[in-house]
Amino acid sequence: MSVSLKDDNATSTSDQRVLVLDFGSQFAQLIARRVREQNVYCEIVRHDITPENIAKHNPKGLILSGGPNSVYEDGAPKCDPGIFELGIPVLGICYGMQLVCDQLGGKVDSCPTSEYGRAICEVKESDKLFSGFPARDQVWMSHGDQVQQVSEDFETLASTETCPLAAIKHKSLPVYGLQFHPEVTHTPNGSVLLKNFVTQICGCTGTWKLQDFANEMIASIRQRVGDARVICGLSGGVDSSVVAALLYKAIGPQLSCILVDNGLLRKNEAEIVVEQFTQHFKTDLHVVNGGERFLGQLAGVTDPQEKRRRIGHTFIDCFKEASSSIDNVQFLAQGTLYPDVIESGAAPDGPAATIKLHHNVGGLPEELGFELIEPLRDLFKDEVRKLGVELGLPEHLVWRHPFPGPGLAVRCLGEVSEDKLVVLREADAIVIDEIEKAGLYRKTSQLFAVLLPVQSVGVMGDARTYDNALVIRCVNTDDFMTADWTHLPYEVLASMSTRIINEVSGINRVCYDISSKPPATIEWE
């Protein structure tokens, strides 16, 4: 296997770091990610971390995240006010700004006109934080409370039509606040603000690289595992592939990979995965053929969460059987990413809502009796791809579109059957083939077909039909926390539709999903 890092003995440059205090925002990790994009190491810590523990991290700056609470409510999460006496620059975002003002003499209350969505921000005062930021620009708001007044120690830097204090600065302390969210893509120049904060205000030089993360993670895995064996759930997607590469780099032949063919994979997927990992991963590979078992468990089930539960439990059973023949296994490695953690409500800090159950989050290590290794848990999809490049993985693996753990079961709405899966596989293969022919695969983030439990009237060959409706879903995103539907060329959509209706028996209507995330999710279930 050809997997290498540029320098096995590279030293960490994470001595320049920024800490994000998490108050329960679903965007807390997104803040950290945006900071890392500035080549500054960033990590998330509890919101109630003490000043003493902050000092042990020796950070160059602190960012207080947003959150779902009101600062004036009983039991609302607070930070230790002593953090403002450390002399470390602080940036409060949304709830974080409200908390800053509440603890430093201001007043926060519910506002008569809430702001959710796009707003126009006007810069009032020139400052390092807004250096290079347009005088009037779009920002993304998401708040029902806002700062009504600040103490005389603060000055206003920016405002919107309904939020006079959209950005503030303390006159004597290195403390700033933004009511809007600079970390989301809907604030086009938000990265300018974050870069200004970490470089001009915090004094970071921007020398940290994702390669450092890889080196540190490999060393950490090697030390933790010792001479034990690790099993890795392999799907052939970029997440599990990068995990396998990290593990192989760290422990080599102590790694065993298990591919569970659940009968819910795309066309020829299992065969392709075996071929790829025979070529690129010279490691112990076990394949479990569990299609009949999974379909049996899904018979009669229509609820999406119940589908995920049953698939998860059956996956555990298959894993148990495969792992029982492997000696000295103490660890289970998974390709869990941060969006998986957030959407499953499993983040350790903050009341993030459960949007969907995820096969990689919770339950598996306890039931299997293994310790869990999740080296990608703090990364987003694009960061994982960059890491894959650092590890020398082949391009077609690194840039492959994501595929959900429950497979086609969550793209076959309603009850899942083998007949429906055959129809969906063929249609999905056509969709991918057409996007590749058009040269748009790398320009899109995720593309797939969804089979609806809906029939509609059609006419084919002068005969009336009453067949299935199929939806094509294509999105573009940087982080998979938010996504916009892709404006595919009409001729590409037309080719997909024509081929599907002509070549796939049982479909007479093709639709295109033009919903963004939020409010929709990327997957339909």
# chains A, B, ... in the order shown; residues from 1 in each chain; ligands from 1
call {"tool": "residues_around", "arguments": {"residues": "stretch 123-126 of chain A", "least_positions_apart": "3", "cutoff": "8 Å", "atoms": "only C-alpha atoms", "output": "list in words"}}
result
Phe130, Ser131, Pro134, Ala135, Arg136, Thr156, Leu157, Ala158 and Ser159 of chain A
call {"tool": "closest_residue", "arguments": {"among": "A:Gly414, A:Pro164, A:Lys56, A:Val108", "to": "A:Ala299", "atoms": "only C-alpha atoms"}}
result
A:Gly414
call {"tool": "atom_distance", "arguments": {"atom1": "atom CA of A:His286", "atom2": "atom CA of A:Leu264"}}
result
17.8 Å
call {"tool": "residues_around", "arguments": {"residues": "A:Val273", "least_positions_apart": "3", "cutoff": "9 Å", "atoms": "only C-alpha atoms", "output": "VMD selection string"}}
result
chain A and resid 234 to 237 259 268 to 270 276 to 278
call {"tool": "residues_around", "arguments": {"residues": "A:Ser445", "least_positions_apart": "5", "cutoff": "10 Å", "atoms": "only C-alpha atoms", "output": "list in words"}}
result
Lys381, Asp382, Trp399, Arg400, His401, Pro402, Leu440, Cys474, Val475, Asn476, Thr477, Asp478, Asp479, Phe480, Ala483, Asp484, Trp485 and Thr486 of chain A
call {"tool": "select_by_dssp", "arguments": {"residues": "stretch 77-291 of chain A", "states": "strand (DSSP E or B)", "output": "MDAnalysis selection string"}}
result
chainID A and resid 90:93 107:123 136:149 154:159 167:170 175:178 229:233 255:261 284:289
call {"tool": "closest_residue", "arguments": {"among": "A:Val287, A:Arg33, A:Asn508, A:Met481", "to": "A:Arg464", "atoms": "only C-alpha atoms"}}
result
A:Asn508
call {"tool": "select_by_dssp", "arguments": {"residues": "stretch 137-325 of chain A", "states": "alpha helix (DSSP H)", "output": "PyMOL selection string"}}
result
chain A and resi 190-195+210-225+238-251+269-280+291-298+304-323
call {"tool": "closest_atom_pairs", "arguments": {"of": "stretch 8-99 of chain A", "to": "stretch 189-210 of chain A", "cutoff": "9 Å", "atoms": "only C-alpha atoms", "output": "JSON lines"}}
result
{"residue": "A:Ser12", "atom": "CA", "partner": "A:Trp208", "partner_atom": "CA", "distance": 7.8}
{"residue": "A:Thr13", "atom": "CA", "partner": "A:Trp208", "partner_atom": "CA", "distance": 5.3}
{"residue": "A:Ser14", "atom": "CA", "partner": "A:Trp208", "partner_atom": "CA", "distance": 6.3}
{"residue": "A:Gln16", "atom": "CA", "partner": "A:Cys204", "partner_atom": "CA", "distance": 6.3}
{"residue": "A:Arg17", "atom": "CA", "partner": "A:Cys204", "partner_atom": "CA", "distance": 7.9}
{"residue": "A:Val18", "atom": "CA", "partner": "A:Val198", "partner_atom": "CA", "distance": 7.7}
{"residue": "A:Ile31", "atom": "CA", "partner": "A:Leu194", "partner_atom": "CA", "distance": 8.7}
{"residue": "A:Arg34", "atom": "CA", "partner": "A:Ser191", "partner_atom": "CA", "distance": 6.9}
{"residue": "A:Val35", "atom": "CA", "partner": "A:Leu194", "partner_atom": "CA", "distance": 6.7}
{"residue": "A:Arg36", "atom": "CA", "partner": "A:Trp208", "partner_atom": "CA", "distance": 7.8}
{"residue": "A:Glu37", "atom": "CA", "partner": "A:Ser191", "partner_atom": "CA", "distance": 8.8}
{"residue": "A:Gln38", "atom": "CA", "partner": "A:Gly206", "partner_atom": "CA", "distance": 6.0}
{"residue": "A:Asn39", "atom": "CA", "partner": "A:Gly206", "partner_atom": "CA", "distance": 4.5}
{"residue": "A:Val40", "atom": "CA", "partner": "A:Gly206", "partner_atom": "CA", "distance": 5.0}
{"residue": "A:Tyr41", "atom": "CA", "partner": "A:Trp208", "partner_atom": "CA", "distance": 5.9}
{"residue": "A:Lys60", "atom": "CA", "partner": "A:Cys202", "partner_atom": "CA", "distance": 5.5}
{"residue": "A:Gly61", "atom": "CA", "partner": "A:Cys202", "partner_atom": "CA", "distance": 5.6}
{"residue": "A:Leu62", "atom": "CA", "partner": "A:Cys202", "partner_atom": "CA", "distance": 9.0}
{"residue": "A:Ile88", "atom": "CA", "partner": "A:Cys202", "partner_atom": "CA", "distance": 7.7}
{"residue": "A:Pro89", "atom": "CA", "partner": "A:Cys202", "partner_atom": "CA", "distance": 6.0}
{"residue": "A:Val90", "atom": "CA", "partner": "A:Cys202", "partner_atom": "CA", "distance": 8.8}
{"residue": "A:Leu91", "atom": "CA", "partner": "A:Phe197", "partner_atom": "CA", "distance": 7.8}
call {"tool": "closest_residue", "arguments": {"among": "A:Met217, A:Lys320, A:Val450, A:Asp153", "to": "A:Ser172", "atoms": "only C-alpha atoms"}}
result
A:Asp153
call {"tool": "residues_around", "arguments": {"residues": "A:Phe319", "least_positions_apart": "4", "cutoff": "12 Å", "atoms": "only C-alpha atoms", "output": "number ranges by chain"}}
result
A: 231-234, 256-262, 286-290, 311-315, 323-326, 332, 364-365, 367-370
call {"tool": "atom_distance", "arguments": {"atom1": "atom CA of A:Ile93", "atom2": "atom CA of A:Ser142"}}
result
10.7 Å
call {"tool": "closest_residue", "arguments": {"among": "A:Pro188, A:Gly67, A:Gly105, A:Pro519", "to": "A:His170", "atoms": "only C-alpha atoms"}}
result
A:Gly105
